[in-house]
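See below for final.tsv, which holds TSV, C-alpha atoms.
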```
chain	number	residue	atom	x	y	z
I	130	MET	CA	-73.22	120.60	41.21
I	131	LYS	CA	-70.46	119.43	38.86
I	132	ARG	CA	-71.32	122.22	36.40
I	133	LEU	CA	-71.23	124.76	39.23
I	134	VAL	CA	-67.80	123.63	40.45
I	135	LEU	CA	-66.39	123.53	36.90
I	136	SER	CA	-67.70	127.07	36.38
I	137	ILE	CA	-65.92	128.14	39.57
I	138	LEU	CA	-62.65	126.57	38.40
I	139	ILE	CA	-62.89	128.25	34.99
I	140	GLY	CA	-63.58	131.56	36.69
I	141	LEU	CA	-60.60	131.12	39.01
I	142	ALA	CA	-58.31	130.30	36.10
I	143	SER	CA	-59.50	133.42	34.26
I	144	ALA	CA	-58.93	135.51	37.38
I	145	SER	CA	-55.44	134.05	37.75
I	146	ALA	CA	-54.54	135.05	34.19
I	147	ALA	CA	-56.00	138.52	34.66
I	148	TRP	CA	-54.11	139.08	37.91
I	149	ALA	CA	-50.89	137.80	36.34
I	150	GLU	CA	-51.22	140.33	33.51
I	151	GLU	CA	-52.23	143.07	35.93
I	152	THR	CA	-49.32	142.48	38.30
I	153	ALA	CA	-46.62	141.74	35.69
I	154	PRO	CA	-43.57	143.97	36.24
I	155	SER	CA	-42.42	146.52	33.71
I	156	PRO	CA	-39.44	145.55	31.50
I	157	ASP	CA	-37.11	147.74	33.57
I	158	ALA	CA	-38.35	146.23	36.83
I	159	ALA	CA	-38.11	142.73	35.42
I	160	GLU	CA	-34.52	143.31	34.33
I	161	GLY	CA	-33.58	144.40	37.83
I	162	ALA	CA	-35.46	141.54	39.42
I	163	GLU	CA	-33.39	138.98	37.49
I	164	ASP	CA	-30.49	139.62	39.87
I	165	GLN	CA	-32.58	138.98	42.98
I	166	THR	CA	-33.58	135.78	44.67
I	167	ARG	CA	-37.04	134.53	43.93
I	168	GLY	CA	-38.87	131.47	45.13
I	169	GLU	CA	-42.12	129.62	45.35
I	170	SER	CA	-43.58	129.12	48.77
I	171	ALA	CA	-44.13	125.48	49.62
I	172	PRO	CA	-47.49	124.90	51.29
I	173	GLY	CA	-46.32	121.49	52.34
I	174	ASP	CA	-43.51	123.01	54.45
I	175	GLY	CA	-44.65	126.58	54.86
I	176	VAL	CA	-41.26	127.98	53.80
I	177	ALA	CA	-40.29	130.36	51.02
I	178	ASP	CA	-36.78	131.15	49.85
I	179	SER	CA	-35.70	134.77	50.21
I	180	PRO	CA	-32.49	136.80	50.16
I	181	SER	CA	-32.64	137.01	53.95
I	182	GLY	CA	-31.22	133.49	54.04
I	183	SER	CA	-33.81	132.20	56.49
I	184	SER	CA	-34.98	129.63	53.96
I	185	LEU	CA	-31.49	128.15	53.73
I	186	CYS	CA	-32.17	126.38	57.03
I	187	ASP	CA	-34.50	124.16	55.05
I	188	GLU	CA	-32.29	124.08	51.93
I	189	ARG	CA	-35.34	124.66	49.77
I	190	ASP	CA	-35.34	124.04	46.03
I	191	ARG	CA	-35.16	127.64	44.87
I	192	LEU	CA	-31.68	128.41	46.23
I	193	GLN	CA	-29.89	130.99	44.12
I	194	ALA	CA	-26.39	132.41	44.20
I	195	ALA	CA	-27.59	135.71	45.69
I	196	ALA	CA	-29.39	133.99	48.54
I	197	TRP	CA	-26.40	131.74	49.20
I	198	SER	CA	-24.03	134.70	49.51
I	199	ALA	CA	-26.41	136.57	51.85
I	200	ALA	CA	-27.10	133.56	54.08
I	201	GLU	CA	-26.10	133.47	57.72
I	202	PRO	CA	-23.23	131.09	58.62
I	203	ARG	CA	-25.50	129.17	61.02
I	204	CYS	CA	-29.27	129.11	61.40
I	205	ALA	CA	-32.02	127.03	62.98
I	206	ARG	CA	-35.72	126.83	62.27
I	207	VAL	CA	-38.76	125.22	63.90
I	208	THR	CA	-42.10	125.00	62.08
I	209	GLY	CA	-45.49	123.60	63.05
I	210	GLN	CA	-48.70	122.79	61.18
I	211	VAL	CA	-52.16	121.75	62.31
I	212	PHE	CA	-55.05	121.02	59.95
I	213	ALA	CA	-58.17	120.39	62.04
I	214	GLY	CA	-61.87	120.66	61.40
I	215	TYR	CA	-65.43	119.42	61.50
I	216	ARG	CA	-67.33	117.56	58.80
I	217	ASP	CA	-70.96	116.63	58.41
I	218	GLY	CA	-72.25	114.50	55.58
I	219	SER	CA	-74.04	111.46	54.29
I	220	VAL	CA	-72.86	108.13	52.87
I	221	GLY	CA	-75.54	106.30	50.93
I	222	GLY	CA	-78.20	108.38	52.70
I	223	GLU	CA	-76.83	107.70	56.21
I	224	ARG	CA	-75.91	110.93	58.06
I	225	GLY	CA	-72.80	111.30	60.21
I	226	SER	CA	-70.48	113.96	61.59
I	227	GLU	CA	-67.11	114.18	63.32
I	228	PHE	CA	-64.29	116.43	64.47
I	229	SER	CA	-60.90	115.44	63.09
I	230	ILE	CA	-57.21	116.30	62.88
I	231	ASP	CA	-56.01	115.68	59.34
I	232	ARG	CA	-52.46	116.82	59.91
I	233	ALA	CA	-50.33	117.73	62.92
I	234	GLU	CA	-46.60	118.08	62.32
I	235	LEU	CA	-43.57	119.61	64.00
I	236	ALA	CA	-40.33	120.07	62.07
I	237	GLY	CA	-36.87	121.33	62.94
I	238	ALA	CA	-33.88	122.14	60.76
I	239	ALA	CA	-30.36	123.45	61.25
I	240	SER	CA	-27.99	124.65	58.55
I	241	TRP	CA	-24.45	125.96	58.48
I	242	ARG	CA	-22.16	127.37	55.81
I	243	ALA	CA	-18.76	125.72	55.78
I	244	SER	CA	-17.34	127.96	53.04
I	245	GLU	CA	-18.43	130.18	50.18
I	246	ARG	CA	-19.36	127.07	48.18
I	247	LEU	CA	-20.20	124.39	50.77
I	248	ARG	CA	-23.17	124.14	53.09
I	249	GLY	CA	-24.50	121.37	55.37
I	250	GLY	CA	-27.60	120.73	57.42
I	251	VAL	CA	-29.90	118.34	59.23
I	252	ARG	CA	-33.68	118.12	59.30
I	253	GLY	CA	-36.30	116.13	61.20
I	254	ARG	CA	-40.10	116.04	61.14
I	255	LEU	CA	-42.62	114.47	63.52
I	256	GLN	CA	-46.10	113.56	62.34
I	257	ALA	CA	-49.24	112.65	64.31
I	258	ILE	CA	-51.13	109.59	63.04
I	259	ARG	CA	-53.70	107.11	64.28
I	260	SER	CA	-51.94	104.12	65.83
I	261	ALA	CA	-54.18	101.60	64.06
I	262	GLY	CA	-53.77	101.39	60.31
I	263	PRO	CA	-56.67	101.19	57.83
I	264	GLN	CA	-56.59	97.37	57.90
I	265	SER	CA	-55.83	97.03	61.64
I	266	LEU	CA	-58.26	96.05	64.37
I	267	PHE	CA	-56.16	97.32	67.26
I	268	GLY	CA	-53.71	100.15	67.84
I	269	ILE	CA	-52.00	101.66	70.86
I	270	ASP	CA	-54.47	102.19	73.71
I	271	GLY	CA	-57.37	101.66	71.34
I	272	ASP	CA	-56.71	103.86	68.34
I	273	SER	CA	-54.78	106.70	69.99
I	274	ILE	CA	-53.06	109.48	68.08
I	275	VAL	CA	-49.30	108.92	68.29
I	276	MET	CA	-46.24	110.71	66.94
I	277	ARG	CA	-43.88	109.11	64.43
I	278	VAL	CA	-40.75	110.24	62.62
I	279	ILE	CA	-41.66	111.01	59.01
I	280	GLU	CA	-38.39	112.75	58.00
I	281	ALA	CA	-34.85	112.52	59.40
I	282	TYR	CA	-31.88	113.20	57.17
I	283	GLY	CA	-28.58	114.96	56.77
I	284	GLN	CA	-27.75	116.99	53.70
I	285	GLY	CA	-24.93	118.84	52.02
I	286	GLY	CA	-24.83	121.29	49.14
I	287	ILE	CA	-22.24	122.80	46.86
I	288	ARG	CA	-22.57	125.82	44.61
I	289	PHE	CA	-20.87	126.27	41.23
I	290	ASP	CA	-21.59	129.85	40.16
I	291	ALA	CA	-25.31	129.71	39.17
I	292	THR	CA	-25.62	125.93	39.65
I	293	TYR	CA	-26.48	124.32	42.97
I	294	VAL	CA	-26.21	120.59	43.82
I	295	ARG	CA	-27.61	119.06	47.01
I	296	ALA	CA	-27.53	115.51	48.43
I	297	ARG	CA	-29.70	114.05	51.19
I	298	LEU	CA	-29.29	110.77	53.07
I	299	GLY	CA	-31.63	109.18	55.62
I	300	LEU	CA	-35.43	109.12	55.87
I	301	VAL	CA	-35.97	111.49	52.95
I	302	PRO	CA	-39.22	113.02	51.66
I	303	GLU	CA	-40.73	111.86	48.37
I	304	ARG	CA	-39.37	114.34	45.84
I	305	TRP	CA	-42.38	114.20	43.51
I	306	LEU	CA	-44.78	115.25	46.26
I	307	GLU	CA	-42.33	117.83	47.59
I	308	LEU	CA	-41.97	119.51	44.18
I	309	VAL	CA	-45.65	119.52	43.20
I	310	GLU	CA	-46.72	120.81	46.62
I	311	GLN	CA	-44.77	124.00	45.91
I	312	GLY	CA	-47.63	124.94	43.59
I	313	TYR	CA	-50.44	123.42	45.67
I	314	GLU	CA	-52.19	125.77	48.09
I	315	LEU	CA	-55.04	123.53	49.30
I	316	ARG	CA	-53.22	121.04	51.53
I	317	ALA	CA	-55.58	121.79	54.44
I	318	LEU	CA	-58.50	120.55	52.33
I	319	GLY	CA	-56.67	117.36	51.44
I	320	PRO	CA	-53.33	116.00	50.22
I	321	LEU	CA	-52.43	115.72	46.57
I	322	ALA	CA	-54.45	113.05	44.81
I	323	SER	CA	-51.25	111.06	44.20
I	324	ASP	CA	-50.30	111.13	47.90
I	325	GLN	CA	-50.83	107.50	48.99
I	326	PRO	CA	-51.17	104.94	47.61
I	327	PHE	CA	-49.43	106.21	44.44
I	328	PHE	CA	-46.54	107.76	46.41
I	329	GLU	CA	-45.39	107.40	50.02
I	330	ARG	CA	-44.63	110.56	51.97
I	331	ALA	CA	-41.04	109.46	52.72
I	332	ASP	CA	-38.66	106.52	52.47
I	333	LEU	CA	-35.20	105.43	53.56
I	334	GLY	CA	-32.62	106.28	50.93
I	335	ALA	CA	-30.77	109.11	49.21
I	336	THR	CA	-31.63	111.94	46.82
I	337	ILE	CA	-29.52	114.21	44.64
I	338	SER	CA	-30.95	117.47	43.32
I	339	ALA	CA	-29.42	119.97	40.90
I	340	LEU	CA	-30.61	123.44	39.88
I	341	ALA	CA	-29.25	125.48	36.98
I	342	TRP	CA	-30.00	128.62	35.00
I	343	ASP	CA	-31.38	130.61	37.92
I	344	GLY	CA	-33.63	127.71	38.92
I	345	ARG	CA	-35.26	127.30	35.52
I	346	LEU	CA	-33.96	123.73	35.14
I	347	GLY	CA	-33.99	121.15	37.90
I	348	VAL	CA	-33.00	117.49	37.92
I	349	ASP	CA	-33.70	115.10	40.79
I	350	ILE	CA	-32.60	111.49	41.25
I	351	SER	CA	-33.78	109.38	44.19
I	352	VAL	CA	-32.75	105.87	45.24
I	353	VAL	CA	-34.81	104.49	48.14
I	354	ASN	CA	-35.91	101.16	49.62
I	355	GLY	CA	-39.41	101.49	48.18
I	356	GLU	CA	-41.34	100.29	51.24
I	357	GLY	CA	-42.27	103.67	52.70
I	358	PRO	CA	-41.64	104.96	56.24
I	359	ALA	CA	-43.51	102.13	57.99
I	360	GLN	CA	-41.55	99.13	56.66
I	361	ARG	CA	-37.99	97.88	56.39
I	362	GLU	CA	-36.60	96.81	53.03
I	363	GLN	CA	-38.41	93.66	51.85
I	364	ASN	CA	-36.34	92.75	48.76
I	365	LEU	CA	-33.01	93.29	47.04
I	366	GLY	CA	-34.32	95.89	44.60
I	367	LYS	CA	-34.37	99.66	45.06
I	368	ASN	CA	-36.77	102.27	43.77
I	369	THR	CA	-35.03	104.70	41.40
I	370	THR	CA	-36.84	107.89	40.44
I	371	GLY	CA	-35.83	110.59	37.99
I	372	ILE	CA	-37.60	113.96	37.78
I	373	VAL	CA	-36.99	116.87	35.41
I	374	THR	CA	-38.40	120.29	36.34
I	375	LEU	CA	-38.73	123.22	33.96
I	376	ARG	CA	-39.65	126.73	35.07
I	377	PRO	CA	-40.08	128.73	31.85
I	378	ILE	CA	-41.33	131.75	33.80
I	379	VAL	CA	-39.76	132.74	37.12
I	380	ARG	CA	-40.91	136.16	38.28
I	381	ASP	CA	-42.18	137.76	41.46
I	382	ALA	CA	-45.62	138.16	39.85
I	383	LEU	CA	-45.78	134.81	38.07
I	384	THR	CA	-44.06	131.43	38.31
I	385	TRP	CA	-44.89	128.56	35.97
I	386	SER	CA	-43.44	125.11	36.69
I	387	ALA	CA	-43.68	121.79	34.86
I	388	HIS	CA	-42.50	118.43	36.25
I	389	VAL	CA	-42.04	115.07	34.51
I	390	GLY	CA	-40.99	111.97	36.43
I	391	TYR	CA	-40.56	108.22	36.11
I	392	ARG	CA	-39.95	105.61	38.80
I	393	ASP	CA	-38.58	102.12	38.33
I	394	GLY	CA	-39.53	100.32	41.51
I	395	SER	CA	-40.39	97.12	43.31
I	396	THR	CA	-42.19	96.33	46.54
I	397	GLY	CA	-42.75	93.43	48.92
I	398	VAL	CA	-40.85	90.20	49.40
I	399	ALA	CA	-41.79	89.10	45.88
I	400	SER	CA	-40.25	92.25	44.33
I	401	GLY	CA	-43.51	93.09	42.62
I	402	ARG	CA	-43.55	95.76	39.93
I	403	ASP	CA	-44.16	99.25	41.32
I	404	HIS	CA	-43.45	101.76	38.52
I	405	ARG	CA	-44.79	105.31	38.11
I	406	LEU	CA	-45.10	107.77	35.24
I	407	ALA	CA	-46.02	111.28	36.37
I	408	PHE	CA	-46.62	114.77	35.00
I	409	ALA	CA	-47.64	117.99	36.74
I	410	SER	CA	-47.79	121.69	35.96
I	411	THR	CA	-48.44	124.54	38.40
I	412	LEU	CA	-48.96	128.28	38.14
I	413	ARG	CA	-48.47	130.77	40.98
I	414	THR	CA	-49.21	134.47	41.21
I	415	PRO	CA	-49.40	136.64	44.35
I	416	ARG	CA	-53.20	136.26	44.32
I	417	ALA	CA	-53.86	132.85	42.76
I	418	THR	CA	-52.57	129.32	42.20
I	419	ALA	CA	-53.62	126.60	39.76
I	420	GLY	CA	-52.31	123.20	38.78
I	421	ILE	CA	-52.87	119.82	37.19
I	422	GLU	CA	-51.38	116.41	38.01
I	423	PHE	CA	-51.45	113.04	36.26
I	424	VAL	CA	-49.88	109.84	37.59
I	425	ARG	CA	-50.03	106.35	36.02
I	426	ALA	CA	-49.14	103.37	38.23
I	427	PHE	CA	-47.81	100.08	36.85
I	428	GLY	CA	-48.27	97.91	39.93
I	429	LEU	CA	-50.03	99.19	43.04
I	430	GLU	CA	-50.52	98.03	46.64
I	431	ASP	CA	-48.49	94.80	46.18
I	432	GLN	CA	-50.41	93.90	43.00
I	433	ALA	CA	-47.75	93.80	40.27
I	434	ASP	CA	-50.18	93.43	37.35
I	435	ARG	CA	-52.53	96.19	38.45
I	436	ARG	CA	-52.60	99.41	36.44
I	437	ALA	CA	-54.14	102.53	37.94
I	438	GLN	CA	-54.04	106.26	37.41
I	439	VAL	CA	-55.07	109.55	39.00
I	440	THR	CA	-55.90	112.88	37.38
I	441	SER	CA	-56.36	116.07	39.40
I	442	ALA	CA	-56.88	119.79	38.78
I	443	TRP	CA	-57.11	122.61	41.31
I	444	ALA	CA	-57.26	126.40	41.57
I	445	SER	CA	-57.49	129.01	44.29
I	446	ALA	CA	-57.71	132.80	44.18
I	447	ARG	CA	-58.11	135.66	46.64
I	448	ALA	CA	-61.09	137.72	45.49
I	449	LEU	CA	-60.68	140.06	48.48
I	450	PRO	CA	-57.64	140.88	50.65
I	451	TYR	CA	-58.81	138.54	53.41
I	452	ALA	CA	-60.97	136.05	51.48
I	453	GLY	CA	-61.00	133.88	48.39
I	454	LEU	CA	-62.35	130.87	46.50
I	455	ALA	CA	-60.89	127.43	45.87
I	456	GLY	CA	-61.87	124.34	43.93
I	457	ARG	CA	-60.52	120.93	43.03
I	458	VAL	CA	-61.58	117.99	40.82
I	459	ASP	CA	-60.06	114.49	41.11
I	460	ARG	CA	-60.57	111.26	39.21
I	461	ILE	CA	-58.97	108.03	40.39
I	462	ASP	CA	-59.07	104.88	38.26
I	463	HIS	CA	-58.28	102.14	40.75
I	464	ASP	CA	-57.85	99.40	38.13
I	465	LEU	CA	-57.74	100.21	34.42
I	466	ASP	CA	-58.38	96.58	33.47
I	467	LEU	CA	-61.69	96.35	35.35
I	468	ALA	CA	-65.00	98.11	34.79
I	469	ASP	CA	-66.62	100.54	37.24
I	470	THR	CA	-63.48	101.13	39.32
I	471	SER	CA	-63.34	104.91	38.90
I	472	ALA	CA	-63.94	107.38	41.71
I	473	TYR	CA	-64.64	111.10	41.40
I	474	ARG	CA	-64.21	113.83	43.97
I	475	ILE	CA	-65.31	117.45	43.60
I	476	THR	CA	-64.45	120.09	46.22
I	477	ALA	CA	-65.62	123.72	46.27
I	478	SER	CA	-64.63	126.12	49.03
I	479	VAL	CA	-64.51	129.70	50.26
I	480	PHE	CA	-61.76	130.69	52.69
I	481	GLY	CA	-60.78	133.59	54.90
I	482	ASP	CA	-57.43	134.59	56.39
I	483	LEU	CA	-57.84	135.44	60.06
I	484	LEU	CA	-54.41	136.98	60.70
I	485	ALA	CA	-53.27	139.02	57.70
I	486	PRO	CA	-54.20	139.59	54.06
I	487	GLY	CA	-52.90	136.75	51.94
I	488	GLY	CA	-52.05	134.56	54.92
I	489	GLU	CA	-48.28	134.17	54.59
I	490	ALA	CA	-47.35	130.51	54.09
I	491	GLU	CA	-45.13	130.31	57.18
I	492	HIS	CA	-47.51	132.21	59.53
I	493	ARG	CA	-51.10	131.42	58.70
I	494	LEU	CA	-54.50	131.08	60.34
I	495	ARG	CA	-56.97	130.31	57.58
I	496	LEU	CA	-60.53	128.97	57.77
I	497	TYR	CA	-62.13	127.00	54.92
I	498	LEU	CA	-65.85	126.40	54.42
I	499	ALA	CA	-66.18	123.64	51.83
I	500	TYR	CA	-68.56	121.24	50.13
I	501	GLN	CA	-67.32	117.88	48.85
I	502	HIS	CA	-68.97	115.23	46.70
I	503	GLU	CA	-67.53	111.79	46.02
I	504	ARG	CA	-68.96	109.27	43.60
I	505	PHE	CA	-67.59	105.72	43.31
I	506	GLY	CA	-68.05	103.18	40.56
I	507	ASP	CA	-69.84	99.97	41.51
I	508	SER	CA	-66.51	98.17	41.97
I	509	ALA	CA	-64.50	101.09	43.38
I	510	GLY	CA	-65.95	101.66	46.85
I	511	ALA	CA	-65.74	99.88	50.15
I	512	VAL	CA	-68.91	97.89	49.34
I	513	ALA	CA	-68.54	96.58	45.78
I	514	GLY	CA	-71.82	96.30	43.88
I	515	ALA	CA	-73.78	98.44	46.38
I	516	PRO	CA	-74.50	101.76	44.60
I	517	GLU	CA	-76.47	103.12	47.56
I	518	ALA	CA	-73.24	103.18	49.61
I	519	LEU	CA	-71.09	104.76	46.91
I	520	ASP	CA	-72.35	108.34	46.93
I	521	VAL	CA	-70.84	110.68	49.54
I	522	HIS	CA	-71.78	114.28	50.32
I	523	ARG	CA	-70.10	116.28	53.08
I	524	ALA	CA	-69.74	119.82	54.35
I	525	LEU	CA	-66.42	120.79	55.94
I	526	VAL	CA	-65.15	123.48	58.26
I	527	GLN	CA	-61.36	123.28	58.15
I	528	LEU	CA	-58.67	125.27	59.97
I	529	ASP	CA	-55.18	125.74	58.51
I	530	ALA	CA	-52.82	126.88	61.30
I	531	ARG	CA	-49.07	127.29	60.72
I	532	GLY	CA	-46.23	128.94	62.59
I	533	ALA	CA	-42.45	129.22	62.41
I	534	PHE	CA	-39.58	130.27	64.66
I	535	TYR	CA	-36.22	131.21	63.19
I	536	SER	CA	-32.85	131.94	64.76
I	537	SER	CA	-29.53	132.76	63.11
I	538	GLN	CA	-25.97	133.76	63.82
I	539	ARG	CA	-24.21	136.22	61.56
I	540	GLU	CA	-20.51	136.63	61.04
```

Just give me the structure as structure tokens.
Amino acid sequence: MKRLVLSILIGLASASAAWAEETAPSPDAAEGAEDQTRGESAPGDGVADSPSGSSLCDERDRLQAAAWSAAEPRCARVTGQVFAGYRDGSVGGERGSEFSIDRAELAGAASWRASERLRGGVRGRLQAIRSAGPQSLFGIDGDSIVMRVIEAYGQGGIRFDATYVRARLGLVPERWLELVEQGYELRALGPLASDQPFFERADLGATISALAWDGRLGVDISVVNGEGPAQREQNLGKNTTGIVTLRPIVRDALTWSAHVGYRDGSTGVASGRDHRLAFASTLRTPRATAGIEFVRAFGLEDQADRRAQVTSAWASARALPYAGLAGRVDRIDHDLDLADTSAYRITASVFGDLLAPGGEAEHRLRLYLAYQHERFGDSAGAVAGAPEALDVHRALVQLDARGAFYSSQRE
């Protein structure tokens, strides 16, 4: 099965390169396109920047001077996402099945232009989660699904010719996840491999982002509590993260991004070490996406001396207007100083868009049919030293449903 999935991934990467060459614009078209706004869609938020200015309600990363000038003075946006499905599989030979909701979120944003150079906005996001945590015996009314605030912040931006600087303050999203998800199309099949416990989805603090050279260079600095959205600050230290983003190729037919980040952090009342070193690279074309991610943790889950790492690769491509293939391979080393603590996950999927060819990121109804295999080392699973319980096979039927409503006021 591993050879089959790796063959699929190699085939998808080859198809991506072929489509990129096939759809590359002519030199004349490329020269004209340089003056237009371009942007990567963000599967995590279902929003893409465009000259229409609608994306400015979310103050996305790919803001350009042309888009800024064309933006409406005031705009509001509401988006919703639901990832739901059915899975049937076996754990150590024991069969089981369930229906599940892996993600249900509702977000709202408002933005206004104060002048030709200044813009402000607010954003909030609600997320549905189980009321009992992984280590909890009781939740609210059993283990009911409840809504919590996962993002709530105000922001302001200023433009200097081709350079844009933005600041956020409040319950802000994790910038590493936000950036890498711009090149990750398979969120309905699962979050990024580094998404918990390596990174929290959001935290209380502030971020500053800068874009220059038509978006080809980005710099992000975040200072947050470091305890995630579910805890107050537990110590005097703050988590400081720096990320540099390079986009050597920024075209309508092809966008290549590379991200490098480092976090100096602490967690818990004992101020335990909680550092991160991260690298990711993503490739997007109109028909395909591919990416790799590597994250090394120095301290994890309140264990300051623990070293862990995650490596992930993914690809997806539309072979037909309404259908395509997707695959992903993950390896997680839970403790680099101990033997048999690695876990592997292989996912292979076919998908179909039920609304329109390509399934636009902000209005999508996509169905995935997937197979997933997980293999844990003897000391990596829930039952250490029990190999019969460390082999998981499952089949998944997963729905990716997204929608957006946008309103604006022009001068």

Spatial neighbours of segment 372-377 of chain I, max dist 6 Å, only C-alpha atoms, sep filter under 6 positions, as number ranges by chain: I: 345-349, 385-390

Would you mind exporting C-alpha atoms of the selected residues as a PDB file, keeping the file's coordinate frame?
```pdb
ATOM      1  CA  ARG I 345     -35.260 127.300  35.520  1.00  0.00           C
ATOM      2  CA  LEU I 346     -33.960 123.730  35.140  1.00  0.00           C
ATOM      3  CA  GLY I 347     -33.990 121.150  37.900  1.00  0.00           C
ATOM      4  CA  VAL I 348     -33.000 117.490  37.920  1.00  0.00           C
ATOM      5  CA  ASP I 349     -33.700 115.100  40.790  1.00  0.00           C
ATOM      6  CA  TRP I 385     -44.890 128.560  35.970  1.00  0.00           C
ATOM      7  CA  SER I 386     -43.440 125.110  36.690  1.00  0.00           C
ATOM      8  CA  ALA I 387     -43.680 121.790  34.860  1.00  0.00           C
ATOM      9  CA  HIS I 388     -42.500 118.430  36.250  1.00  0.00           C
ATOM     10  CA  VAL I 389     -42.040 115.070  34.510  1.00  0.00           C
ATOM     11  CA  GLY I 390     -40.990 111.970  36.430  1.00  0.00           C
TER      12      GLY I 390
END
```

Spatial neighbours of segment 420-423 of chain I, 6 Å, all atoms listed in the file, chain gap at least 2 places, as a ChimeraX atom specification: /I:407-411,439-443

Straight-line distance linking atom CA of Arg523 of chain I with atom CA of Ala499 of chain I, stated in Å to one decimal: 8.4 Å

Using only the atoms of segment 499-508 of chain I listed in the file, plus 6 Å on each side, state the axis-aligned box centre and edge lengths in Å rounded to one decimal, as lines of an AutoDock Vina configuration file.
```
center_x = -68.0
center_y = 110.9
center_z = 46.2
size_x = 15.7
size_y = 37.5
size_z = 23.3
```

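By chain and then residue number, the residues within 7 Å of segment 524-527 of chain I are Phe212, Ala213, Gly214, Tyr215, Arg216, Asp217, Gly218, Leu496, Tyr497, Leu498, Ala499, Tyr500 and Gln501 of chain I, counting only C-alpha atoms and disregarding those fewer than 5 positions away in sequence.
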
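What separates atom CA of Ala257 of chain I from atom CA of Pro326 of chain I is a distance of 18.5 Å.
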
Nearest residue to Arg288 of chain I from the set I:Ala341, I:Ala468, I:Ala205, I:Val352 (distances using only C-alpha atoms):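 Answer, going by the shortest atom-to-atom distance: I:Ala341.
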
Interatomic distance, atom CA of Phe480 of chain I to atom CA of Arg495 of chain I (Å, one decimal): 6.9 Å

Within 10 Å of Ser400 of chain I using only C-alpha atoms, minus same-chain residues under 6 positions, as JSON, numbers by chain: {"I": [363, 364, 365, 366, 367, 394, 431, 433]}

Using all atoms listed in the file: which of I:Gly357, I:Ala296, I:Gln538, I:Leu340 has the shortest distance to Trp241 of chain I: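 Smallest distance to Trp241 of chain I is found for I:Gln538.
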
Contact residues around Phe289 of chain I with all atoms listed in the file at 10 Å, ignoring same-chain residues under 2 positions, as a list in words: Ala194, Arg246, Leu247, Ile287, Ala291, Thr292, Tyr293, Val294 and Ala341 of chain I

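Considering only C-alpha atoms, the residue among I:Leu449, I:Leu255, I:Ala322, I:Ile274 positioned nearest to Ile475 of chain I is I:Ala322.
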
Nearby residues, (-34.6, 111.2, 44.2) file frame, 10 Å, all atoms listed in the file, as a list in words: Ala296, Arg297, Val301, Pro302, Glu303, Arg304, Trp305, Gly334, Ala335, Thr336, Ile337, Ser338, Val348, Asp349, Ile350, Ser351, Val352, Val353, Asn368, Thr369, Thr370, Gly371, Ile372 and Arg392 of chain I
